[in-house]
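Below is one structure, written out as structure tokens, with a few remarks after it.
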Amino acid sequence: MNTTKFRYGSIIVGCFVLSCSAVSADTASGEAADSGHIVVPAIPGVPKMFLPDIGIAGDFAFERQNLQKTDPRYESEQPRIRDGQVVFFEPIDPYTNAQFTIDLPENGAANIEEAWIYFNKLPGNTSVRAGRFLPRFGLLDLMNTFQLPMVDRPNAIADYLTPDGLTSTGLEFNAYVPNPWDWNLKLNLNAVRGDALNGPRDTTDLTYLATLDYSRDLFSSGSFESGVSVAQGPSPLGQSETLEEPYVQFQYAPTQRKIWTWNTEAMLAQRRGLGADDNKNGAYTFLDYNFNLRYHVGFLLDLADQAVAPYGKQLSLGPNATWFLSDNTRLRCQYTHTTALGSEKPEEKVTLQATFSLGNLKQLD
């Protein structure tokens, strides 16, 4: 569910030539040689044309719920487009990639979600990303909403990382951690804008994130991944906060047509300035069974401390069924029950969701 498979080159809708000259390279070389100038050949592997892979994604939903329209939690029961994206990806050379993503949210104007350049072959088996990107934090944060194995991001993490996950501008560093046991141990470090955790936009502080991840094969046809993510930066309350998110994922495939996947993440949050409500915590667990390649059934259990008043714990239960019409198109039905908080009434909701992704995007998982 957190695999990072990419599909490039499926859609090409444009061709833009960066060269300002209408003269062919051979003609230009000949003329330069005749005039006595030195001709510098093109760098091998560097494209002379801007021919990006282009991806498009959409997330559609139709919901029925038991809440009245006067309830602040009420959402329109009309069919709606929850999110849309257009992605442009281009390998600049064998050592550098670039991506530009336009996000089309349900409420609000179109915005730039990602605009980064990625140096993937630096000394010491390291890499660096600069620009606006999705920083690594736990298992689900690198997934867009249309890629999630459930309808919405679990409250245990969404209450602190926003329902759409984290997006910010800054610098990312990735490295393999040498160790005497030859473990597959990876380090991810980020220094990004101070409003990454929904802090004030005018802050001069930065937000720092770090993830230490370990993965390995398990049994003869399974895998195991575990790690911890930590973030520290300005909070929405005007002071600083620290988030810690340990996670674990098991995957077991007794056959190629039967795959079990179990995810669990916990959130430990310390928000300063709230007195007795400084420390918050929550956790979710999600079990998914994939059979006959195209069908998934899953169950979400999500327990979370509310990040803002009225404070208290809420439990959400969410069984779902998903049908993959193809690798990039799926239909899902999910029932969600959320317990009452304070004077609120319990929420019951049934969601029908349709998602698709084409071109330069992660395949749906």
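Ligands are numbered from 1 in the order shown, residues from 1 within each chain, and chains are lettered A, B, ... in the order they appear in the structure tokens.
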For Gly233 of chain A, find every residue with an atom within 10 Å (counting only C-alpha atoms), except residues of its own chain fewer than 6 positions away, and show them as JSON, numbers by chain.
{"A": [191, 192, 193, 194, 195, 196, 197, 198, 199, 205, 206, 207, 208, 209, 239, 240, 241, 242, 243]}
Where in segment 167-279 of chain A does DSSP assign strand (DSSP E or B), given as a ChimeraX atom specification?
/A:168-176,184-193,206-218,222-234,240-255,258-271,279
Please identify all polymer residues within 6 Å of segment 320-335 of chain A, counting only C-alpha atoms, omitting same-chain residues fewer than 6 positions from it, and present them as a list in words.
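The contact residues come out as Arg294, Tyr295, His296, Val297, Gly298, Lys349, Val350, Thr351, Leu352, Gln353, Ala354, Thr355, Phe356, Ser357, Gln363 and Leu364 of chain A.
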Go ahead and write the residues just picked, C-alpha atoms, as a PDB file, in the first residue's frame.
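The resulting file, again-v4.pdb, is reproduced below:
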```
ATOM      1  CA  ARG A 294      -8.814  -7.112  -8.770  1.00  0.00           C
ATOM      2  CA  TYR A 295     -10.708  -7.298  -5.475  1.00  0.00           C
ATOM      3  CA  HIS A 296      -9.906  -5.914  -2.020  1.00  0.00           C
ATOM      4  CA  VAL A 297     -11.766  -6.068   1.271  1.00  0.00           C
ATOM      5  CA  GLY A 298     -10.442  -4.027   4.184  1.00  0.00           C
ATOM      6  CA  LYS A 349     -21.807   7.395   6.581  1.00  0.00           C
ATOM      7  CA  VAL A 350     -21.797   5.315   3.399  1.00  0.00           C
ATOM      8  CA  THR A 351     -19.424   6.444   0.634  1.00  0.00           C
ATOM      9  CA  LEU A 352     -19.263   5.344  -2.997  1.00  0.00           C
ATOM     10  CA  GLN A 353     -15.912   6.374  -4.469  1.00  0.00           C
ATOM     11  CA  ALA A 354     -14.469   6.238  -7.982  1.00  0.00           C
ATOM     12  CA  THR A 355     -10.828   7.097  -8.661  1.00  0.00           C
ATOM     13  CA  PHE A 356      -8.555   6.992 -11.684  1.00  0.00           C
ATOM     14  CA  SER A 357      -4.950   7.810 -12.508  1.00  0.00           C
ATOM     15  CA  GLN A 363      -0.465   3.201  -9.584  1.00  0.00           C
ATOM     16  CA  LEU A 364      -3.427   2.789  -7.289  1.00  0.00           C
TER      17      LEU A 364
END
```
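Our summary of the geometry notes that atom CA of Ala98 of chain A is positioned 26.1 Å from atom CA of Arg201 of chain A.
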I'd like a table as CSV: residues in segment 133-223 of chain A with an atom no more than 12 Å from segment 101-112 of chain A, each row giving the shortest atom pair and its distance in Å to one decimal, only C-alpha atoms counted, sorted by chain and rising residue number.
```
residue,atom,partner,partner_atom,distance
A:Phe133,CA,A:Thr101,CA,9.2
A:Leu134,CA,A:Thr101,CA,10.9
A:Asn144,CA,A:Asp103,CA,10.4
A:Thr145,CA,A:Pro105,CA,10.7
A:Phe146,CA,A:Pro105,CA,11.9
A:Asp164,CA,A:Pro105,CA,9.9
A:Thr167,CA,A:Ile112,CA,10.0
A:Ser168,CA,A:Ile112,CA,10.5
A:Thr169,CA,A:Ile112,CA,10.8
```
For the residues in that selection, give me all heavy atoms as a compact mmCIF listing (two decimals), in the first residue's frame.
```txt
# COMPACT_ATOMS: atom_id res chain seq x y z
N PHE A 133 7.34 19.85 -2.27
CA PHE A 133 7.17 18.41 -2.41
C PHE A 133 6.37 17.86 -1.23
O PHE A 133 6.02 18.59 -0.28
CB PHE A 133 8.53 17.71 -2.50
CG PHE A 133 9.47 18.06 -1.37
CD1 PHE A 133 9.44 17.36 -0.18
CD2 PHE A 133 10.39 19.10 -1.50
CE1 PHE A 133 10.31 17.69 0.87
CE2 PHE A 133 11.26 19.43 -0.48
CZ PHE A 133 11.21 18.73 0.72
N LEU A 134 6.08 16.56 -1.28
CA LEU A 134 5.42 15.85 -0.19
C LEU A 134 6.51 15.23 0.68
O LEU A 134 7.16 14.27 0.27
CB LEU A 134 4.51 14.74 -0.72
CG LEU A 134 3.50 15.12 -1.81
CD1 LEU A 134 2.69 13.89 -2.23
CD2 LEU A 134 2.58 16.21 -1.33
N ASN A 144 -1.37 10.44 -2.26
CA ASN A 144 -2.45 11.38 -2.45
C ASN A 144 -3.76 10.71 -2.05
O ASN A 144 -3.85 9.49 -1.92
CB ASN A 144 -2.50 11.85 -3.90
CG ASN A 144 -1.35 12.76 -4.25
OD1 ASN A 144 -1.31 13.91 -3.85
ND2 ASN A 144 -0.39 12.24 -5.01
N THR A 145 -4.81 11.53 -1.90
CA THR A 145 -6.09 11.01 -1.44
C THR A 145 -6.60 9.91 -2.35
O THR A 145 -7.13 8.89 -1.87
CB THR A 145 -7.12 12.15 -1.35
OG1 THR A 145 -6.62 13.17 -0.50
CG2 THR A 145 -8.43 11.66 -0.78
N PHE A 146 -6.44 10.06 -3.66
CA PHE A 146 -6.97 9.05 -4.58
C PHE A 146 -6.21 7.74 -4.53
O PHE A 146 -6.65 6.72 -5.08
CB PHE A 146 -6.97 9.60 -6.01
CG PHE A 146 -5.61 9.79 -6.61
CD1 PHE A 146 -4.99 8.79 -7.30
CD2 PHE A 146 -4.94 11.01 -6.46
CE1 PHE A 146 -3.72 8.97 -7.84
CE2 PHE A 146 -3.69 11.20 -7.00
CZ PHE A 146 -3.07 10.18 -7.70
N ASP A 164 -5.24 16.03 3.79
CA ASP A 164 -4.55 15.80 2.53
C ASP A 164 -3.07 15.45 2.72
O ASP A 164 -2.34 15.29 1.73
CB ASP A 164 -4.64 17.04 1.64
CG ASP A 164 -6.06 17.31 1.18
OD1 ASP A 164 -6.80 16.33 0.97
OD2 ASP A 164 -6.44 18.48 1.05
N THR A 167 2.40 18.97 2.64
CA THR A 167 3.05 19.53 1.45
C THR A 167 3.78 20.78 1.88
O THR A 167 3.19 21.62 2.57
CB THR A 167 2.04 19.88 0.35
OG1 THR A 167 1.31 18.72 -0.02
CG2 THR A 167 2.75 20.42 -0.87
N SER A 168 5.04 20.93 1.49
CA SER A 168 5.76 22.13 1.90
C SER A 168 6.94 22.37 0.96
O SER A 168 7.24 21.56 0.09
CB SER A 168 6.25 22.01 3.35
OG SER A 168 6.67 23.28 3.83
N THR A 169 7.60 23.50 1.17
CA THR A 169 8.74 23.91 0.35
C THR A 169 10.01 23.89 1.18
O THR A 169 10.02 24.41 2.30
CB THR A 169 8.50 25.32 -0.21
OG1 THR A 169 7.27 25.34 -0.94
CG2 THR A 169 9.64 25.73 -1.12
```
Can you list, as a short mmCIF file (atom, residue, chain, number, x, y, z; two decimals) with N, CA, C and O atoms, in the first residue's frame, every residue of segment 60-268 of chain A that DSSP puts in helix (DSSP H, G or I)?
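What follows is the written file result31.cif:
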```cif
data_model
loop_
_atom_site.label_atom_id
_atom_site.label_comp_id
_atom_site.auth_asym_id
_atom_site.auth_seq_id
_atom_site.Cartn_x
_atom_site.Cartn_y
_atom_site.Cartn_z
N THR A 145 -4.81 11.53 -1.90
CA THR A 145 -6.09 11.01 -1.44
C THR A 145 -6.60 9.91 -2.35
O THR A 145 -7.13 8.89 -1.87
N PHE A 146 -6.44 10.06 -3.66
CA PHE A 146 -6.97 9.05 -4.58
C PHE A 146 -6.21 7.74 -4.53
O PHE A 146 -6.65 6.72 -5.08
N GLN A 147 -5.04 7.71 -3.86
CA GLN A 147 -4.24 6.49 -3.77
C GLN A 147 -4.44 5.74 -2.46
O GLN A 147 -3.94 4.62 -2.31
N ASN A 155 -8.20 9.63 11.09
CA ASN A 155 -8.18 10.81 11.96
C ASN A 155 -6.95 10.85 12.86
O ASN A 155 -6.48 11.93 13.24
N ALA A 156 -6.43 9.68 13.23
CA ALA A 156 -5.29 9.63 14.15
C ALA A 156 -4.09 10.40 13.61
O ALA A 156 -3.30 10.95 14.38
N ILE A 157 -3.96 10.47 12.28
CA ILE A 157 -2.86 11.24 11.69
C ILE A 157 -3.36 12.48 10.96
O ILE A 157 -2.68 13.50 10.92
N ALA A 158 -4.57 12.41 10.37
CA ALA A 158 -5.08 13.55 9.61
C ALA A 158 -5.33 14.76 10.48
O ALA A 158 -5.20 15.90 10.02
N ASP A 159 -5.67 14.56 11.76
CA ASP A 159 -5.93 15.69 12.66
C ASP A 159 -4.69 16.55 12.87
O ASP A 159 -4.79 17.71 13.26
N TYR A 160 -3.50 15.99 12.60
CA TYR A 160 -2.26 16.72 12.85
C TYR A 160 -1.48 17.01 11.57
O TYR A 160 -0.66 17.92 11.53
N LEU A 161 -1.72 16.20 10.51
CA LEU A 161 -1.00 16.40 9.25
C LEU A 161 -1.91 16.94 8.16
O LEU A 161 -1.47 17.03 7.01
#
```
Shell around Glu75 of chain A at 10 Å using only C-alpha atoms, local window under 3 positions removed, as a PDB file with N, CA and C atoms, in the first residue's frame:
```pdb
ATOM      1  N   GLU A  63     -21.952  10.392  -1.169  1.00  0.00           N
ATOM      2  CA  GLU A  63     -22.083   9.979   0.231  1.00  0.00           C
ATOM      3  C   GLU A  63     -23.503  10.161   0.739  1.00  0.00           C
ATOM      4  N   ARG A  64     -23.864   9.274   1.677  1.00  0.00           N
ATOM      5  CA  ARG A  64     -25.097   9.399   2.438  1.00  0.00           C
ATOM      6  C   ARG A  64     -24.745   9.295   3.910  1.00  0.00           C
ATOM      7  N   GLN A  65     -25.337  10.187   4.728  1.00  0.00           N
ATOM      8  CA  GLN A  65     -25.006  10.226   6.143  1.00  0.00           C
ATOM      9  C   GLN A  65     -26.246  10.543   6.967  1.00  0.00           C
ATOM     10  N   LEU A  67     -26.292  12.864   9.446  1.00  0.00           N
ATOM     11  CA  LEU A  67     -26.183  14.179  10.076  1.00  0.00           C
ATOM     12  C   LEU A  67     -27.153  15.173   9.444  1.00  0.00           C
ATOM     13  N   GLN A  68     -27.650  16.077  10.270  1.00  0.00           N
ATOM     14  CA  GLN A  68     -28.493  17.146   9.778  1.00  0.00           C
ATOM     15  C   GLN A  68     -27.631  18.235   9.143  1.00  0.00           C
ATOM     16  N   LYS A  69     -28.238  19.046   8.283  1.00  0.00           N
ATOM     17  CA  LYS A  69     -27.484  20.100   7.605  1.00  0.00           C
ATOM     18  C   LYS A  69     -26.979  21.157   8.578  1.00  0.00           C
ATOM     19  N   ASP A  71     -25.551  20.477  11.375  1.00  0.00           N
ATOM     20  CA  ASP A  71     -24.373  19.928  12.052  1.00  0.00           C
ATOM     21  C   ASP A  71     -23.117  20.408  11.334  1.00  0.00           C
ATOM     22  N   PRO A  72     -22.130  20.965  12.067  1.00  0.00           N
ATOM     23  CA  PRO A  72     -20.905  21.457  11.406  1.00  0.00           C
ATOM     24  C   PRO A  72     -20.125  20.369  10.686  1.00  0.00           C
ATOM     25  N   GLN A  78     -24.546  15.566  -2.407  1.00  0.00           N
ATOM     26  CA  GLN A  78     -24.533  15.583  -3.859  1.00  0.00           C
ATOM     27  C   GLN A  78     -23.245  14.927  -4.372  1.00  0.00           C
TER      28      GLN A  78
END
```
Which of these residues is nearest to Ile259 of chain A, using only C-alpha atoms: A:Gln314, A:Ser235, A:Thr285, A:Ser221?
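Of all the options, A:Ser221 lies closest to Ile259 of chain A.
Between Leu218 of chain A and the candidates A:Tyr252, A:Tyr95, A:Tyr247, A:Trp116, the tightest atom-to-atom separation, counting only C-alpha atoms, involves A:Tyr252.
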Please indicate the distance in Å from atom CA of Gln249 of chain A to atom CA of Leu142 of chain A, rounded to one decimal place.
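Between atom CA of Gln249 of chain A and atom CA of Leu142 of chain A the gap is 15.0 Å.
For the atom pair formed by atom CA of Pro346 of chain A and atom CA of Tyr311 of chain A, the distance is 15.5 Å, given to one decimal.
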Contacts of Leu139 of chain A within 12 Å, only C-alpha atoms, excl. fewer than 3 positions in-chain, as a PyMOL selection string
chain A and resi 1-4+135-136+142-144+148-149+153-154+157+165+211-213+225-229+245-250+262-267+284-286
Write a file of the just-selected residues containing N, CA, C and O atoms, as a compact mmCIF listing (two decimals), in the first residue's frame.
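Output saved as again_33.txt:
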```txt
# COMPACT_ATOMS: atom_id res chain seq x y z
N MET A 1 0.80 -1.21 0.00
CA MET A 1 0.00 0.00 0.00
C MET A 1 0.83 1.25 0.00
O MET A 1 0.34 2.32 -0.32
N ASN A 2 2.10 1.14 0.40
CA ASN A 2 2.94 2.32 0.32
C ASN A 2 4.06 2.13 -0.69
O ASN A 2 5.09 2.74 -0.62
N THR A 3 3.81 1.17 -1.62
CA THR A 3 4.81 0.97 -2.66
C THR A 3 4.89 2.19 -3.54
O THR A 3 3.94 2.94 -3.67
N THR A 4 6.01 2.35 -4.20
CA THR A 4 6.20 3.55 -5.02
C THR A 4 6.52 3.13 -6.44
O THR A 4 7.62 3.31 -6.94
N PRO A 135 6.77 15.75 1.88
CA PRO A 135 7.82 15.17 2.72
C PRO A 135 7.39 13.82 3.27
O PRO A 135 6.21 13.58 3.52
N ARG A 136 8.35 12.94 3.46
CA ARG A 136 8.09 11.61 4.02
C ARG A 136 7.73 11.75 5.49
O ARG A 136 8.44 12.37 6.27
N LEU A 142 3.03 10.02 1.74
CA LEU A 142 3.43 10.19 0.34
C LEU A 142 2.30 9.83 -0.62
O LEU A 142 2.44 9.99 -1.83
N MET A 143 1.18 9.34 -0.10
CA MET A 143 0.04 8.99 -0.93
C MET A 143 -0.92 10.16 -1.03
O MET A 143 -1.26 10.80 -0.04
N ASN A 144 -1.37 10.44 -2.26
CA ASN A 144 -2.45 11.38 -2.45
C ASN A 144 -3.76 10.71 -2.05
O ASN A 144 -3.85 9.49 -1.92
N LEU A 148 -5.16 6.32 -1.51
CA LEU A 148 -5.30 5.70 -0.19
C LEU A 148 -6.08 4.39 -0.27
O LEU A 148 -6.97 4.24 -1.11
N PRO A 149 -5.79 3.44 0.62
CA PRO A 149 -6.56 2.18 0.65
C PRO A 149 -7.88 2.32 1.39
O PRO A 149 -8.62 1.35 1.51
N ARG A 153 -8.01 9.82 4.92
CA ARG A 153 -6.87 9.58 5.80
C ARG A 153 -7.38 9.38 7.22
O ARG A 153 -8.25 10.14 7.68
N PRO A 154 -6.88 8.39 7.96
CA PRO A 154 -7.36 8.16 9.33
C PRO A 154 -7.21 9.40 10.21
O PRO A 154 -6.22 10.14 10.11
N ILE A 157 -3.96 10.47 12.28
CA ILE A 157 -2.86 11.24 11.69
C ILE A 157 -3.36 12.48 10.96
O ILE A 157 -2.68 13.50 10.92
N GLY A 165 -2.61 15.32 3.98
CA GLY A 165 -1.21 15.05 4.22
C GLY A 165 -0.38 16.33 4.17
O GLY A 165 -0.91 17.43 4.08
N THR A 211 12.81 10.69 9.25
CA THR A 211 12.25 9.33 9.25
C THR A 211 13.39 8.33 9.14
O THR A 211 14.26 8.46 8.28
N LEU A 212 13.38 7.36 10.03
CA LEU A 212 14.31 6.24 9.97
C LEU A 212 13.50 5.00 9.65
O LEU A 212 12.57 4.64 10.39
N ASP A 213 13.81 4.33 8.53
CA ASP A 213 12.98 3.25 8.01
C ASP A 213 13.81 1.98 7.82
O ASP A 213 14.93 2.02 7.31
N GLU A 225 8.10 -3.87 7.03
CA GLU A 225 8.65 -2.52 7.06
C GLU A 225 8.26 -1.86 8.37
O GLU A 225 7.12 -1.97 8.83
N SER A 226 9.22 -1.19 8.98
CA SER A 226 8.96 -0.52 10.25
C SER A 226 9.85 0.71 10.34
O SER A 226 10.92 0.78 9.72
N GLY A 227 9.40 1.69 11.12
CA GLY A 227 10.20 2.89 11.28
C GLY A 227 9.53 3.88 12.20
O GLY A 227 8.49 3.60 12.81
N VAL A 228 10.12 5.05 12.29
CA VAL A 228 9.56 6.13 13.10
C VAL A 228 9.83 7.46 12.40
O VAL A 228 10.91 7.67 11.84
N SER A 229 8.83 8.33 12.41
CA SER A 229 8.96 9.68 11.86
C SER A 229 8.79 10.68 12.98
O SER A 229 7.95 10.49 13.87
N GLU A 245 5.71 9.56 15.12
CA GLU A 245 4.81 8.60 14.46
C GLU A 245 5.55 7.29 14.17
O GLU A 245 6.16 7.14 13.12
N PRO A 246 5.48 6.31 15.07
CA PRO A 246 6.01 4.97 14.76
C PRO A 246 5.02 4.23 13.85
O PRO A 246 3.80 4.43 13.94
N TYR A 247 5.55 3.35 13.00
CA TYR A 247 4.68 2.64 12.06
C TYR A 247 5.25 1.26 11.77
O TYR A 247 6.45 0.99 11.95
N VAL A 248 4.37 0.38 11.29
CA VAL A 248 4.78 -0.97 10.91
C VAL A 248 3.84 -1.47 9.83
O VAL A 248 2.64 -1.14 9.81
N GLN A 249 4.39 -2.23 8.89
CA GLN A 249 3.59 -2.85 7.85
C GLN A 249 4.07 -4.28 7.61
O GLN A 249 5.27 -4.52 7.46
N PHE A 250 3.13 -5.21 7.59
CA PHE A 250 3.40 -6.60 7.23
C PHE A 250 2.64 -6.91 5.94
O PHE A 250 1.48 -6.51 5.78
N TRP A 262 -1.16 -5.56 6.35
CA TRP A 262 -1.59 -4.98 7.62
C TRP A 262 -0.73 -3.77 7.94
O TRP A 262 0.50 -3.87 8.01
N ASN A 263 -1.36 -2.62 8.09
CA ASN A 263 -0.69 -1.36 8.44
C ASN A 263 -1.12 -0.92 9.83
O ASN A 263 -2.30 -0.99 10.17
N THR A 264 -0.17 -0.39 10.59
CA THR A 264 -0.48 0.24 11.87
C THR A 264 0.43 1.44 12.06
O THR A 264 1.64 1.35 11.85
N GLU A 265 -0.17 2.58 12.43
CA GLU A 265 0.58 3.78 12.74
C GLU A 265 0.02 4.40 14.02
O GLU A 265 -1.19 4.34 14.27
N ALA A 266 0.89 5.01 14.80
CA ALA A 266 0.48 5.72 16.01
C ALA A 266 0.98 7.16 15.92
O ALA A 266 2.00 7.44 15.29
N MET A 267 0.24 8.08 16.53
CA MET A 267 0.64 9.48 16.56
C MET A 267 0.75 9.94 18.00
O MET A 267 -0.19 9.80 18.79
N TYR A 284 -4.13 4.08 14.35
CA TYR A 284 -5.07 3.39 13.48
C TYR A 284 -4.43 2.07 13.05
O TYR A 284 -3.20 1.90 13.06
N THR A 285 -5.26 1.13 12.67
CA THR A 285 -4.79 -0.12 12.08
C THR A 285 -5.71 -0.45 10.92
O THR A 285 -6.93 -0.23 10.99
N PHE A 286 -5.13 -0.95 9.84
CA PHE A 286 -5.92 -1.27 8.65
C PHE A 286 -5.46 -2.61 8.10
O PHE A 286 -4.27 -2.83 7.86
```
For a quick check of understanding, using only C-alpha atoms, which of A:Leu122, A:Val151, A:Ala269, A:Ala61 has the smallest distance to Leu300 of chain A?
A:Val151
